[in-house]
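Below you'll find the structure, written out as structure tokens, and then a few comments.
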Amino acid sequence: MAKRALERIKKGDTVVVLAGKNKGRQGQVLRTVSKKNRVFVERVNMIKRHQKPTQTSQGGIIEKEASIHASNIAPVCPKCNKGVRIGYKIHEDGKKVRVCRKCGEELDK
């Protein structure tokens, strides 16, 4: 069985958008929704919501990030500086790390 796209992406990763209206934009992953295979990326796919005032927050039109499907983003390799596919390598101590398929650079620091 093929791996789901979200299994290769973690919170805090820098990613690039591959498809949609925000194609080419980069940002950090804020959170992931594993059941729906979606991610929230910082300052990407912004939407406006009308919010009623409450005792703790002021009302008005707020802007926030909407989710993007995980198959439409790719992690950015720090060495290549572009979106790459992910491979895995196991160290001698048994630790499994993500690596760039192009240059072999480790993405887990």
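So you can find residues: chains in the structure tokens are A, B, ... in the order shown, residues in each start at 1, and ligands are numbered from 1 in order.
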
For range 51-94 of chain A against range 2-26 of chain A, with a cut-off of 8 Å and counting only C-alpha atoms, what is the closest atom pair and its distance in Å to one decimal for every residue that makes the cut, ordered by chain and number, as CSV?
residue,atom,partner,partner_atom,distance
A:Ala70,CA,A:Leu6,CA,5.6
A:Ser71,CA,A:Ala5,CA,5.5
A:Asn72,CA,A:Leu18,CA,5.2
A:Ile73,CA,A:Val17,CA,4.5
A:Ala74,CA,A:Val15,CA,5.4
A:Pro75,CA,A:Val15,CA,4.2
A:Val76,CA,A:Val15,CA,5.2
A:Lys82,CA,A:Val16,CA,7.6
A:Gly83,CA,A:Val16,CA,5.9
A:Ile86,CA,A:Arg8,CA,6.8

Once you have the residues from the selection above, write them out as a PDB file, in the first residue's frame, restricted to C-alpha atoms.
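As a result, out-v9.pdb now contains:
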ATOM      1  CA  ALA A  70      -1.481  17.232   1.591  1.00  0.00           C
ATOM      2  CA  SER A  71      -0.955  15.983  -1.960  1.00  0.00           C
ATOM      3  CA  ASN A  72      -0.791  19.605  -3.174  1.00  0.00           C
ATOM      4  CA  ILE A  73       2.307  20.519  -1.161  1.00  0.00           C
ATOM      5  CA  ALA A  74       5.927  19.351  -1.124  1.00  0.00           C
ATOM      6  CA  PRO A  75       8.612  19.804   1.542  1.00  0.00           C
ATOM      7  CA  VAL A  76      11.416  22.224   0.681  1.00  0.00           C
ATOM      8  CA  LYS A  82      12.897  23.751  -3.892  1.00  0.00           C
ATOM      9  CA  GLY A  83      10.071  21.264  -3.390  1.00  0.00           C
ATOM     10  CA  ILE A  86      10.982  12.438   0.374  1.00  0.00           C
TER      11      ILE A  86
END

For range 57-64 of chain A, work out the shell of residues within 6 Å, counting only C-alpha atoms and skipping chain neighbours fewer than 6 positions away, then give it as a list of chain:residue names.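 Surrounding residues, per the criterion: A:Met46, A:Ile47, A:Lys48, A:Arg49, A:His50, A:Gln51.
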
Please, could you write that set of residues out with C-alpha atoms as a CSV table (one decimal), in the first residue's frame?
chain,number,residue,atom,x,y,z
A,46,MET,CA,-6.2,32.8,3.3
A,47,ILE,CA,-10.0,33.2,3.8
A,48,LYS,CA,-12.2,35.8,5.5
A,49,ARG,CA,-14.6,35.0,8.2
A,50,HIS,CA,-17.2,37.2,9.8
A,51,GLN,CA,-17.0,36.9,13.6

Just want the 12 Å neighbourhood of Lys89 in chain A, counted on only C-alpha atoms, with same-chain residues fewer than 2 positions away dropped. Output as a ChimeraX atom specification. /A:86-87,91-101,104-108

Nearest to Ile68 in chain A among A:Gln28, A:Asn45, A:Gln55, A:Ser34, with distances taken over only C-alpha atoms: which residue is it? A:Asn45

What is the distance between CA of Lys79 in chain A and CA of Gly27 in chain A, in Å to one decimal? 16.6 Å

Two-atom distance - CA of Leu30 in chain A, CA of Pro78 in chain A (Å):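 So the answer is 18.5 Å.
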
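Relative to CA of Glu42 in chain A, CA of Glu65 in chain A is found at 6.9 Å.
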
Could you list, as a PyMOL selection string, every residue within 7 Å of Val39 in chain A, counting only C-alpha atoms and ignoring same-chain residues fewer than 2 positions away? chain A and resi 29+31-33+41+67-70

Using DSSP on the backbone coordinates, identify all residues within chain A classified as strand (DSSP E); present the result as JSON, numbers by chain. {"A": [14, 15, 16, 17, 26, 27, 28, 29, 30, 31, 32, 33, 38, 39, 40, 41, 46, 47, 48, 49, 50, 51, 60, 61, 62, 63, 64, 65, 67, 68, 69, 73, 74, 75, 86, 87, 88, 89, 90, 96, 97, 98, 99, 100]}
